[in-house]
$ cat target.cif   # mmCIF, C-alpha atoms
data_final
#
loop_
_atom_site.label_atom_id
_atom_site.label_comp_id
_atom_site.auth_asym_id
_atom_site.auth_seq_id
_atom_site.Cartn_x
_atom_site.Cartn_y
_atom_site.Cartn_z
CA MET A 281 21.53 12.19 48.83
CA VAL A 282 18.73 10.51 46.98
CA THR A 283 19.65 7.25 45.36
CA ARG A 284 17.59 6.14 42.43
CA ALA A 285 16.77 2.56 41.63
CA ILE A 286 18.45 1.84 38.31
CA PRO A 287 15.90 0.39 35.87
CA SER A 288 16.70 -2.60 33.70
CA ARG A 289 17.00 -2.42 29.92
CA GLU A 290 13.58 -4.09 29.63
CA GLU A 291 11.99 -1.49 31.90
CA LEU A 292 13.56 1.31 29.90
CA LEU A 293 12.41 -0.19 26.62
CA ALA A 294 8.88 -0.44 28.04
CA ILE A 295 8.98 3.29 28.78
CA LEU A 296 10.26 4.06 25.28
CA ASP A 297 7.65 1.79 23.75
CA GLU A 298 5.15 4.47 24.78
CA VAL A 299 6.86 6.95 22.45
CA LYS A 300 5.08 6.75 19.12
CA ASP A 301 6.40 7.85 15.76
CA PRO A 302 4.82 11.30 15.25
CA GLU A 303 4.09 10.55 11.60
CA VAL A 304 2.98 6.96 12.12
CA PRO A 305 1.45 6.95 15.61
CA ALA A 306 0.37 3.31 15.34
CA VAL A 307 3.87 2.09 16.17
CA SER A 308 6.51 3.05 18.68
CA VAL A 309 10.07 4.19 18.08
CA VAL A 310 11.21 0.88 19.63
CA GLU A 311 9.07 -1.17 17.26
CA LEU A 312 10.37 0.77 14.27
CA GLY A 313 13.95 0.01 15.24
CA ILE A 314 14.81 3.69 15.74
CA VAL A 315 15.89 2.99 19.33
CA ARG A 316 19.03 0.89 19.03
CA ASP A 317 20.00 0.71 22.68
CA VAL A 318 19.24 2.15 26.08
CA SER A 319 20.98 1.87 29.41
CA ALA A 320 20.78 3.56 32.77
CA SER A 321 23.31 4.26 35.48
CA GLU A 322 23.63 6.49 38.54
CA ALA A 323 24.57 9.25 36.10
CA GLY A 324 21.35 9.04 34.08
CA VAL A 325 20.05 7.37 30.96
CA GLU A 326 21.75 6.97 27.62
CA VAL A 327 19.64 6.24 24.56
CA THR A 328 21.10 5.34 21.17
CA ILE A 329 18.90 6.08 18.20
CA THR A 330 19.30 5.93 14.44
CA PRO A 331 17.40 8.03 11.90
CA THR A 332 15.12 6.35 9.38
CA TYR A 333 16.01 8.76 6.55
CA SER A 334 18.82 11.35 6.43
CA GLY A 335 16.34 14.18 6.16
CA CYS A 336 13.53 12.78 8.29
CA PRO A 337 11.94 15.89 9.84
CA ALA A 338 10.42 13.80 12.64
CA MET A 339 13.78 12.95 14.20
CA ARG A 340 14.01 16.09 16.33
CA GLU A 341 10.51 15.55 17.60
CA ILE A 342 11.29 11.92 18.34
CA GLU A 343 14.35 12.99 20.33
CA SER A 344 12.34 15.43 22.40
CA ASP A 345 9.54 12.88 22.92
CA ILE A 346 12.09 10.34 24.17
CA ARG A 347 13.54 12.92 26.53
CA GLU A 348 10.09 13.79 27.81
CA ALA A 349 9.05 10.16 28.34
CA LEU A 350 12.19 9.36 30.33
CA SER A 351 12.09 12.61 32.30
CA ALA A 352 8.62 11.69 33.55
CA HIS A 353 10.26 8.78 35.38
CA ALA A 354 12.92 11.00 37.00
CA LEU A 355 15.85 8.83 35.99
CA GLY A 356 18.34 11.67 35.84
CA PRO A 357 19.82 13.39 32.82
CA VAL A 358 19.00 11.85 29.45
CA GLU A 359 21.68 11.63 26.84
CA ILE A 360 20.69 10.80 23.28
CA ARG A 361 23.34 9.48 20.95
CA VAL A 362 22.61 9.34 17.22
CA VAL A 363 24.34 6.63 15.20
CA TYR A 364 24.18 6.11 11.43
CA SER A 365 25.79 2.73 11.15
CA PRO A 366 24.43 0.16 10.64
CA ALA A 367 21.95 2.07 8.50
CA TRP A 368 18.32 1.74 9.47
CA THR A 369 16.34 -0.84 7.56
CA THR A 370 12.67 -1.78 7.54
CA ASP A 371 13.85 -5.36 8.14
CA TRP A 372 14.08 -4.28 11.80
CA ILE A 373 10.32 -3.82 12.01
CA GLY A 374 8.96 -6.98 13.61
CA PRO A 375 5.79 -8.94 12.73
CA VAL A 376 3.74 -7.42 15.58
CA ALA A 377 4.51 -3.87 14.44
CA LYS A 378 3.81 -4.80 10.82
CA LYS A 379 0.39 -6.02 11.86
CA LYS A 380 -0.23 -2.75 13.71
CA LEU A 381 0.72 -0.79 10.60
CA GLU A 382 -1.73 -2.73 8.49
CA GLU A 383 -4.51 -2.25 11.04
CA TYR A 384 -3.73 1.46 11.01
CA GLY A 385 -4.25 1.52 7.23
CA ILE A 386 -0.64 1.45 6.03
CA ALA A 387 0.58 -1.58 4.10
CA PRO A 388 3.64 -2.91 5.96
CA PRO A 389 7.03 -3.13 4.26
CA GLY A 390 8.03 -6.33 2.46
CA ALA A 391 11.55 -7.69 2.35
CA VAL A 392 14.27 -5.29 1.21
CA GLU A 393 15.11 -5.87 -2.44
CA ARG A 394 18.68 -5.99 -3.63
CA ASP A 395 18.53 -5.05 -7.28
CA GLU A 396 21.23 -3.59 -9.49
CA LEU A 397 21.92 0.13 -9.35
CA VAL A 398 20.15 1.25 -12.50
CA SER A 399 17.14 -0.97 -12.79
CA LEU A 400 14.57 0.57 -15.05
CA ALA A 401 11.79 -1.55 -13.67
CA ARG A 402 11.70 -2.14 -9.97
CA ARG A 403 10.60 -5.65 -9.22
CA VAL A 404 7.48 -4.59 -7.43
CA GLN A 405 6.37 -7.00 -4.78
CA ARG A 406 2.69 -7.66 -4.40
CA VAL A 407 1.27 -5.33 -1.79
CA ARG A 408 -1.96 -6.23 -0.09
CA CYS A 409 -4.58 -3.53 0.41
CA PRO A 410 -4.70 -2.79 4.15
CA PHE A 411 -8.46 -2.16 3.94
CA CYS A 412 -9.99 -4.98 1.88
CA LYS A 413 -6.89 -7.26 1.80
CA SER A 414 -7.08 -7.60 -1.97
CA ALA A 415 -3.82 -8.20 -3.84
CA ASP A 416 -5.20 -6.41 -6.91
CA THR A 417 -3.29 -3.21 -6.25
CA GLU A 418 -0.98 -0.93 -8.19
CA ARG A 419 1.73 1.48 -7.16
CA LYS A 420 0.96 5.05 -8.15
CA SER A 421 4.19 6.60 -6.93
CA GLU A 422 7.29 5.52 -5.09
CA PHE A 423 7.01 8.76 -3.09
CA GLY A 424 4.32 9.61 -0.60
CA SER A 425 3.30 11.97 2.18
CA THR A 426 6.46 11.19 4.13
CA ALA A 427 9.88 9.90 3.07
CA CYS A 428 9.06 6.41 4.33
CA LYS A 429 5.86 5.82 2.36
CA SER A 430 4.76 5.23 -1.22
CA ILE A 431 1.31 5.70 -2.74
CA TRP A 432 -0.81 2.76 -3.93
CA PHE A 433 -4.27 2.24 -5.27
CA CYS A 434 -6.51 -0.76 -4.64
CA ARG A 435 -8.40 -1.74 -7.78
CA SER A 436 -10.71 -3.92 -5.75
CA CYS A 437 -12.11 -1.48 -3.16
CA ARG A 438 -11.02 1.59 -5.17
CA GLN A 439 -9.20 3.15 -2.27
CA PRO A 440 -5.83 4.85 -2.39
CA PHE A 441 -3.53 3.72 0.41
CA GLU A 442 0.05 4.08 1.57
CA GLU A 443 2.78 1.51 1.87
CA PHE A 444 5.65 1.71 4.33
CA LYS A 445 8.36 1.17 1.75
CA ALA A 446 11.08 -1.40 2.22
CA ILE A 447 14.50 0.16 2.49
CA MET B 240 46.18 13.26 5.79
CA SER B 241 45.68 16.84 6.95
CA SER B 242 42.37 17.67 8.55
CA ARG B 243 42.25 20.64 6.15
CA ALA B 244 42.08 18.32 3.15
CA PHE B 245 39.40 16.19 4.76
CA PHE B 246 37.40 19.31 5.66
CA GLU B 247 37.60 20.49 2.03
CA TYR B 248 36.54 17.07 0.83
CA LEU B 249 33.55 16.97 3.17
CA LEU B 250 32.52 20.45 2.01
CA ARG B 251 32.42 19.16 -1.57
CA LEU B 252 30.27 16.22 -0.56
CA GLY B 253 27.97 18.37 1.56
CA ASP B 254 27.71 21.33 -0.82
CA ASP B 255 26.87 19.11 -3.80
CA ARG B 256 23.85 17.81 -1.94
CA LEU B 257 22.86 21.09 -0.30
CA VAL B 258 22.85 23.04 -3.56
CA LEU B 259 21.07 20.35 -5.56
CA GLY B 260 18.61 19.81 -2.70
CA HIS B 261 17.77 23.52 -2.72
CA ARG B 262 17.36 23.57 -6.50
CA LEU B 263 14.97 20.64 -6.26
CA SER B 264 13.01 22.30 -3.47
CA GLU B 265 12.18 25.07 -5.94
CA TRP B 266 9.83 22.58 -7.58
CA CYS B 267 7.70 22.32 -4.46
CA GLY B 268 4.21 23.43 -5.52
CA HIS B 269 5.29 23.61 -9.19
CA GLY B 270 5.64 19.94 -10.18
CA PRO B 271 4.03 18.92 -13.47
CA ILE B 272 1.77 16.47 -11.63
CA LEU B 273 1.06 15.99 -7.95
CA GLU B 274 3.04 12.73 -7.67
CA GLU B 275 6.11 14.39 -9.16
CA ASP B 276 5.77 17.41 -6.94
CA ILE B 277 5.85 15.05 -3.97
CA ALA B 278 8.66 12.94 -5.43
CA LEU B 279 10.94 15.93 -6.06
CA ALA B 280 10.23 17.35 -2.60
CA ASN B 281 11.03 13.98 -1.04
CA ILE B 282 14.32 13.68 -2.93
CA SER B 283 15.15 17.26 -2.01
CA LEU B 284 14.58 16.41 1.65
CA ASP B 285 16.90 13.41 1.41
CA LEU B 286 19.62 15.53 -0.18
CA ILE B 287 19.33 18.33 2.36
CA GLY B 288 19.35 15.75 5.16
CA GLU B 289 22.51 14.19 3.76
CA ALA B 290 24.06 17.65 3.38
CA SER B 291 23.25 18.44 6.99
CA LEU B 292 25.03 15.29 8.20
CA LEU B 293 28.05 15.87 5.96
CA LEU B 294 28.42 19.54 6.88
CA LYS B 295 28.06 18.69 10.56
CA LEU B 296 30.93 16.24 10.19
CA ALA B 297 32.90 18.86 8.23
CA ALA B 298 32.41 21.38 11.03
CA SER B 299 33.61 18.91 13.64
CA VAL B 300 36.70 18.08 11.55
CA GLU B 301 37.43 21.78 11.13
CA ASP B 302 36.93 22.33 14.87
CA GLU B 303 36.65 26.11 14.73
CA GLY B 304 33.26 26.48 16.33
CA ARG B 305 31.15 26.34 13.18
CA ASN B 306 28.24 23.94 12.68
CA GLU B 307 26.17 22.68 9.76
CA ASP B 308 23.92 25.73 9.85
CA THR B 309 26.71 28.31 9.84
CA LEU B 310 28.35 26.41 6.98
CA ALA B 311 25.11 26.37 4.99
CA TYR B 312 23.87 29.88 5.68
CA PHE B 313 26.89 32.03 6.44
CA ARG B 314 29.30 31.22 3.65
CA ASP B 315 29.36 33.21 0.42
CA ALA B 316 29.38 31.72 -3.07
CA ILE B 317 33.17 31.78 -3.35
CA GLU B 318 33.39 29.51 -0.30
CA PHE B 319 31.05 26.88 -1.73
CA ARG B 320 32.64 23.73 -3.17
CA ASN B 321 29.79 22.17 -5.13
CA ALA B 322 30.11 21.06 -8.74
CA LEU B 323 28.82 23.70 -11.17
CA MET B 324 26.22 21.38 -12.67
CA LEU B 325 24.24 21.40 -9.45
CA GLU B 326 23.82 25.17 -9.11
CA LEU B 327 22.36 25.76 -12.58
CA PRO B 328 18.75 26.99 -12.47
CA LYS B 329 16.21 24.20 -12.30
CA GLY B 330 15.13 24.68 -15.93
CA ASP B 331 12.23 22.64 -17.22
CA PHE B 332 11.24 19.22 -15.90
CA GLY B 333 13.45 17.56 -18.53
CA PHE B 334 16.50 19.50 -17.36
CA THR B 335 15.79 18.76 -13.70
CA ILE B 336 15.35 15.04 -14.38
CA MET B 337 18.45 14.77 -16.58
CA ARG B 338 20.57 16.48 -13.91
CA GLN B 339 19.12 14.19 -11.24
CA PHE B 340 20.00 11.18 -13.32
CA LEU B 341 23.57 12.20 -14.15
CA PHE B 342 24.31 13.20 -10.57
CA SER B 343 22.44 10.40 -8.78
CA VAL B 344 24.38 7.67 -10.57
CA PHE B 345 27.61 9.45 -9.65
CA SER B 346 26.43 9.89 -6.08
CA ALA B 347 25.42 6.23 -5.71
CA LEU B 348 28.86 5.07 -6.85
CA GLN B 349 30.55 7.61 -4.61
CA MET B 350 28.51 6.67 -1.54
CA ASP B 351 28.97 2.98 -2.23
CA ALA B 352 32.75 3.46 -2.20
CA LEU B 353 32.63 5.78 0.84
CA GLN B 354 30.90 3.16 2.95
CA LYS B 355 34.38 1.75 3.46
CA SER B 356 35.86 5.10 4.51
CA ARG B 357 38.46 4.89 7.24
CA ASN B 358 36.41 7.60 8.95
CA ALA B 359 33.55 5.72 10.60
CA GLY B 360 31.36 8.83 10.71
CA LEU B 361 31.57 9.31 6.96
CA GLY B 362 31.15 5.57 6.37
CA GLY B 363 27.88 5.59 8.30
CA ILE B 364 26.51 8.64 6.48
CA ALA B 365 27.44 7.07 3.14
CA ALA B 366 25.72 3.77 3.93
CA LYS B 367 22.56 5.66 4.80
CA ALA B 368 22.75 7.98 1.80
CA LEU B 369 23.34 5.06 -0.56
CA LYS B 370 19.96 3.54 0.30
CA GLU B 371 18.27 6.84 -0.55
CA THR B 372 20.35 7.45 -3.66
CA ARG B 373 19.35 4.08 -5.08
CA TYR B 374 15.74 5.16 -5.40
CA HIS B 375 16.82 8.60 -6.65
CA VAL B 376 18.59 6.78 -9.49
CA ARG B 377 15.60 4.57 -10.14
CA HIS B 378 13.21 7.51 -10.27
CA SER B 379 15.31 9.65 -12.60
CA ALA B 380 16.39 6.79 -14.90
CA GLN B 381 12.79 5.80 -15.48
CA TRP B 382 11.92 9.40 -16.32
CA VAL B 383 14.88 9.82 -18.68
CA VAL B 384 13.61 6.87 -20.72
CA THR B 385 10.00 8.03 -20.54
CA LEU B 386 10.90 11.50 -21.76
CA GLY B 387 13.35 10.22 -24.35
CA VAL B 388 10.90 7.86 -26.04
CA GLY B 389 7.82 9.94 -25.25
CA THR B 390 6.56 12.70 -27.51
CA GLU B 391 8.61 14.74 -29.94
CA GLU B 392 8.41 17.60 -27.47
CA SER B 393 9.62 15.55 -24.48
CA HIS B 394 12.42 13.98 -26.56
CA THR B 395 13.59 17.39 -27.78
CA ARG B 396 13.67 18.77 -24.26
CA ALA B 397 15.48 15.73 -22.85
CA GLN B 398 18.09 15.93 -25.62
CA ARG B 399 18.54 19.65 -25.08
CA ALA B 400 19.01 19.09 -21.35
CA LEU B 401 21.62 16.41 -22.02
CA ASP B 402 23.45 18.71 -24.45
CA GLU B 403 23.53 21.52 -21.90
CA LEU B 404 24.53 19.34 -18.97
CA TRP B 405 27.14 17.08 -20.53
CA ARG B 406 29.91 19.67 -20.45
CA TYR B 407 29.48 19.88 -16.68
CA THR B 408 29.87 16.14 -16.06
CA GLY B 409 33.68 16.18 -16.36
CA GLU B 410 33.94 18.18 -13.15
CA LEU B 411 32.34 15.37 -11.14
CA PHE B 412 35.35 13.15 -11.89
CA ALA B 413 38.13 15.75 -11.89
CA ALA B 414 40.50 14.99 -9.03
CA ASN B 415 42.90 17.43 -7.44
CA ASP B 416 45.32 17.27 -4.50
CA VAL B 417 42.51 17.20 -1.95
CA ASP B 418 40.96 14.10 -3.53
CA ARG B 419 44.30 12.37 -3.88
CA GLU B 420 45.21 13.09 -0.27
CA VAL B 421 41.95 11.78 1.23
CA ALA B 422 41.98 8.80 -1.13
CA ALA B 423 45.55 7.90 -0.14
CA SER B 424 44.62 7.87 3.54
CA GLY B 425 41.47 5.81 2.91
CA ASP B 426 39.13 8.50 4.21
CA GLY B 427 37.79 9.53 0.82
CA VAL B 428 37.53 8.34 -2.76
CA ASP B 429 39.31 9.70 -5.80
CA PRO B 430 36.35 10.67 -8.05
CA SER B 431 38.28 9.93 -11.25
CA THR B 432 38.15 6.22 -10.36
CA LEU B 433 34.34 6.33 -10.54
CA GLU B 434 34.05 7.47 -14.16
CA PRO B 435 34.23 4.07 -15.93
CA ALA B 436 31.46 2.64 -13.74
CA TRP B 437 29.41 5.80 -14.18
CA ARG B 438 29.58 5.54 -17.97
CA GLU B 439 28.71 1.88 -17.77
CA GLN B 440 25.52 2.75 -15.89
CA VAL B 441 24.56 5.97 -17.67
CA MET B 442 25.11 5.07 -21.33
CA PRO B 443 22.63 2.16 -21.63
CA VAL B 444 19.86 4.33 -20.18
CA LEU B 445 20.59 7.18 -22.60
CA ASP B 446 20.70 4.63 -25.44
CA ARG B 447 17.38 3.21 -24.44
CA ALA B 448 15.98 6.73 -24.28
CA GLY B 449 17.25 7.36 -27.82
CA LEU B 450 19.41 10.26 -26.67
CA GLN B 451 22.79 11.19 -28.13
CA VAL B 452 25.85 12.28 -26.18
CA ALA B 453 28.02 14.95 -27.72
CA ASP B 454 31.03 13.42 -26.08
CA ALA B 455 34.04 15.37 -27.26
CA GLY B 456 34.77 18.89 -26.25
CA TYR B 457 35.46 21.24 -23.40
CA MET B 458 34.46 20.33 -19.88
CA GLN B 459 33.45 23.21 -17.65
CA ARG B 460 34.84 23.29 -14.12
CA GLY B 461 35.71 25.57 -11.21
CA GLY B 462 33.19 24.81 -8.47
CA ARG B 463 35.61 22.77 -6.35
CA GLU B 464 37.86 25.84 -6.14
CA GLY B 465 35.00 28.26 -5.50
CA ARG B 466 34.77 29.62 -9.07
CA HIS B 467 31.05 29.48 -9.67
CA THR B 468 28.52 30.55 -12.25
CA GLU B 469 26.52 33.69 -11.53
CA HIS B 470 23.56 31.47 -10.66
CA LEU B 471 24.92 30.31 -7.30
CA GLY B 472 24.97 33.80 -5.80
CA HIS B 473 21.35 34.37 -6.75
CA MET B 474 20.37 31.01 -5.33
CA LEU B 475 22.20 31.63 -2.06
CA SER B 476 20.62 35.05 -1.63
CA GLU B 477 17.26 33.31 -1.49
CA MET B 478 18.43 30.29 0.49
CA GLN B 479 20.30 32.30 3.12
CA ILE B 480 18.18 35.41 3.59
CA LEU B 481 16.11 34.13 6.48
CA ALA B 482 19.07 32.87 8.49
CA ARG B 483 21.04 36.05 7.81
CA SER B 484 18.15 38.38 8.62
CA HIS B 485 17.49 36.61 11.91
CA PRO B 486 20.81 35.11 13.04
CA GLY B 487 20.36 32.46 15.71
CA ALA B 488 16.59 32.33 15.31
CA SER B 489 14.88 29.01 15.98
CA TRP B 490 11.35 27.76 15.67
#
$ encode --input "target.cif" --output "structure tokens"
Amino acid sequence: MVTRAIPSREELLAILDEVKDPEVPAVSVVELGIVRDVSASEAGVEVTITPTYSGCPAMREIESDIREALSAHALGPVEIRVVYSPAWTTDWIGPVAKKKLEEYGIAPPGAVERDELVSLARRVQRVRCPFCKSADTERKSEFGSTACKSIWFCRSCRQPFEEFKAI
Amino acid sequence: MSSRAFFEYLLRLGDDRLVLGHRLSEWCGHGPILEEDIALANISLDLIGEASLLLKLAASVEDEGRNEDTLAYFRDAIEFRNALMLELPKGDFGFTIMRQFLFSVFSALQMDALQKSRNAGLGGIAAKALKETRYHVRHSAQWVVTLGVGTEESHTRAQRALDELWRYTGELFAANDVDREVAASGDGVDPSTLEPAWREQVMPVLDRAGLQVADAGYMQRGGREGRHTEHLGHMLSEMQILARSHPGASW
């Protein structure tokens, strides 16, 4: 019988940190807060993940990428558990990942706003252009190429750009 | 609480979002401007995602070997439990926006209350859906005002949409034994309790848009019992044809 060395949580997270978000490949699924927990035992590896948006089409791909990354290390069967509570928030994205997003050309999310239900004007936070760093920007649409992004325009360098919206 | 009542309740929650999500998806490639095309497709995706989670939970409560896909694609119109308002054809942009607004405010209040469901699975889905529904409300409320105070044409269309849709709003709050049973056990929420808050949120926006509510009169209902308009069958024939032509196919 072959006994495997059981990796620590840190080692497992390092493996999962190689799994990038398919729609935002600048950051990993760990950095985005999609991976909530991971543990290994003789029986295999259990990963707990949470979806960013209910209908995020990347979730299945993320699951299969996680499976693939862990399988490469022959740690036994991989079980992926999906949890919905607590609900994912961009507040879980740390400063390092936010910097990576900006370098990639996506304005990172600001703090999550708590406004009333029907607010006709969203208190729009200032968003800095990821290219020229100007604050002279305007939001064109709250909806962008993926569920997690909105569309902005920089009046200074005249470039459209995307923002990872705070949720 | 019987699991039958909870299953029925989850079907209502899931079907509302599945049917509306499909109706919204019909705008994909037809939006009045590119940003709106993208916005409606995004909202549609959220709704279908929420429906998928809710129907998956429904299938597990039912425990008869069905899943979210069989519930979505292999039930006929009479087995759907969505509110009638949501199956009506997408109409013009004014109609679509007005429906989004009336339903999204209801949905936000419903999901807010369901976060505290005794069923942790439903509570988690609701907490997630609430975040999404908040920006659905924001998007549609802003458009209702824009259309209402816009041109004569946009105002006329928004008012017409409100006139057509109002008689379907009563069904959102109509409670029957299923609602009362799941509310009593703490798993669900009696929708009739949400109506005062809904009015409190909806009316100021309609006022600001300069739109009038024809408040008295008959309220149309039947969807919760499977009595639908003719439109649902037509919609399902399109939504379900691929899955029914190629059962079990995956890609």
$ residues_near_point --input "target.cif" --point "(20.2, 11.5, -12.9)" --cutoff "10 Å" --atoms "only C-alpha atoms" --output "PyMOL selection string"
chain B and resi 334-346+375-383+441
$ residues_around --input "target.cif" --residues "region 423-437 of chain B" --least-positions-apart "5" --cutoff "7 Å" --atoms "only C-alpha atoms" --output "list in words"
Met240, Val344, Phe345, Leu348, Ala352, Leu353, Ser356, Arg357, Asn358, Leu411, Phe412, Ala413, Ala414 and Asp418 of chain B
$ closest_atom_pairs --input "target.cif" --of "chain A" --to "chain B" --cutoff "6 Å" --atoms "all atoms listed in the file" --output "Markdown table"
| residue | atom | partner | partner_atom | distance |
| --- | --- | --- | --- | --- |
| A:Ser334 | CA | B:Gly288 | CA | 4.6 |
| A:Gly335 | CA | B:Gly288 | CA | 3.5 |
| A:Tyr364 | CA | B:Gly363 | CA | 4.9 |
| A:Ser365 | CA | B:Gly363 | CA | 4.5 |
| A:Ala367 | CA | B:Lys367 | CA | 5.2 |
| A:Leu400 | CA | B:Gln381 | CA | 5.5 |
| A:Phe423 | CA | B:Ala278 | CA | 5.1 |
| A:Ala427 | CA | B:Asn281 | CA | 5.9 |
$ residues_around --input "target.cif" --residues "Val318 (chain A)" --least-positions-apart "5" --cutoff "12 Å" --atoms "all atoms listed in the file" --output "PyMOL selection string"
chain A and resi 287-297+310+324-329+346+350+358-362
$ atom_distance --input "target.cif" --atom1 "CA of Glu443 (chain A)" --atom2 "CA of Ala387 (chain A)"
4.4 Å
$ residues_around --input "target.cif" --residues "Trp432 (chain A)" --least-positions-apart "3" --cutoff "9 Å" --atoms "all atoms listed in the file" --output "PyMOL selection string"
chain A and resi 407+409+417-422+439-443
$ resolve_selection --input "target.cif" --expression "the PyMOL selection byres ((chain B and resi 310) around 10)" --output "PyMOL selection string"
chain B and resi 250+253-254+291+294-295+297-298+305-309+311-315+318-319
$ resolve_selection --input "target.cif" --expression "the PyMOL selection byres ((chain B and resi 259) around 8)" --output "list of chain:residue names"
B:Asp255, B:Arg256, B:Leu257, B:Val258, B:Gly260, B:His261, B:Arg262, B:Leu263, B:Ser283, B:Leu286, B:Leu325, B:Glu326
$ residues_around --input "target.cif" --residues "Gly472 (chain B)" --least-positions-apart "3" --cutoff "6 Å" --atoms "all atoms listed in the file" --output "PDB file with C-alpha atoms, keeping the file's coordinate frame"
ATOM      1  CA  ALA B 316      29.380  31.720  -3.070  1.00  0.00           C
ATOM      2  CA  GLU B 469      26.520  33.690 -11.530  1.00  0.00           C
ATOM      3  CA  LEU B 475      22.200  31.630  -2.060  1.00  0.00           C
TER       4      LEU B 475
END
$ atom_distance --input "target.cif" --atom1 "CA of Pro375 (chain A)" --atom2 "CA of Pro389 (chain A)"
10.3 Å
$ atom_distance --input "target.cif" --atom1 "CA of Ser414 (chain A)" --atom2 "CA of Tyr333 (chain A)"
29.6 Å
$ residues_around --input "target.cif" --residues "Phe246 (chain B)" --least-positions-apart "2" --cutoff "7 Å" --atoms "only C-alpha atoms" --output "list in words"
Ser242, Arg243, Ala244, Tyr248, Leu249, Leu250, Ala297, Val300 and Glu301 of chain B
$ resolve_selection --input "target.cif" --expression "the PyMOL selection byres ((chain A and resi 371) around 10)" --output "number ranges by chain"
A: 312-313, 368-370, 372-375, 389-392, 446-447
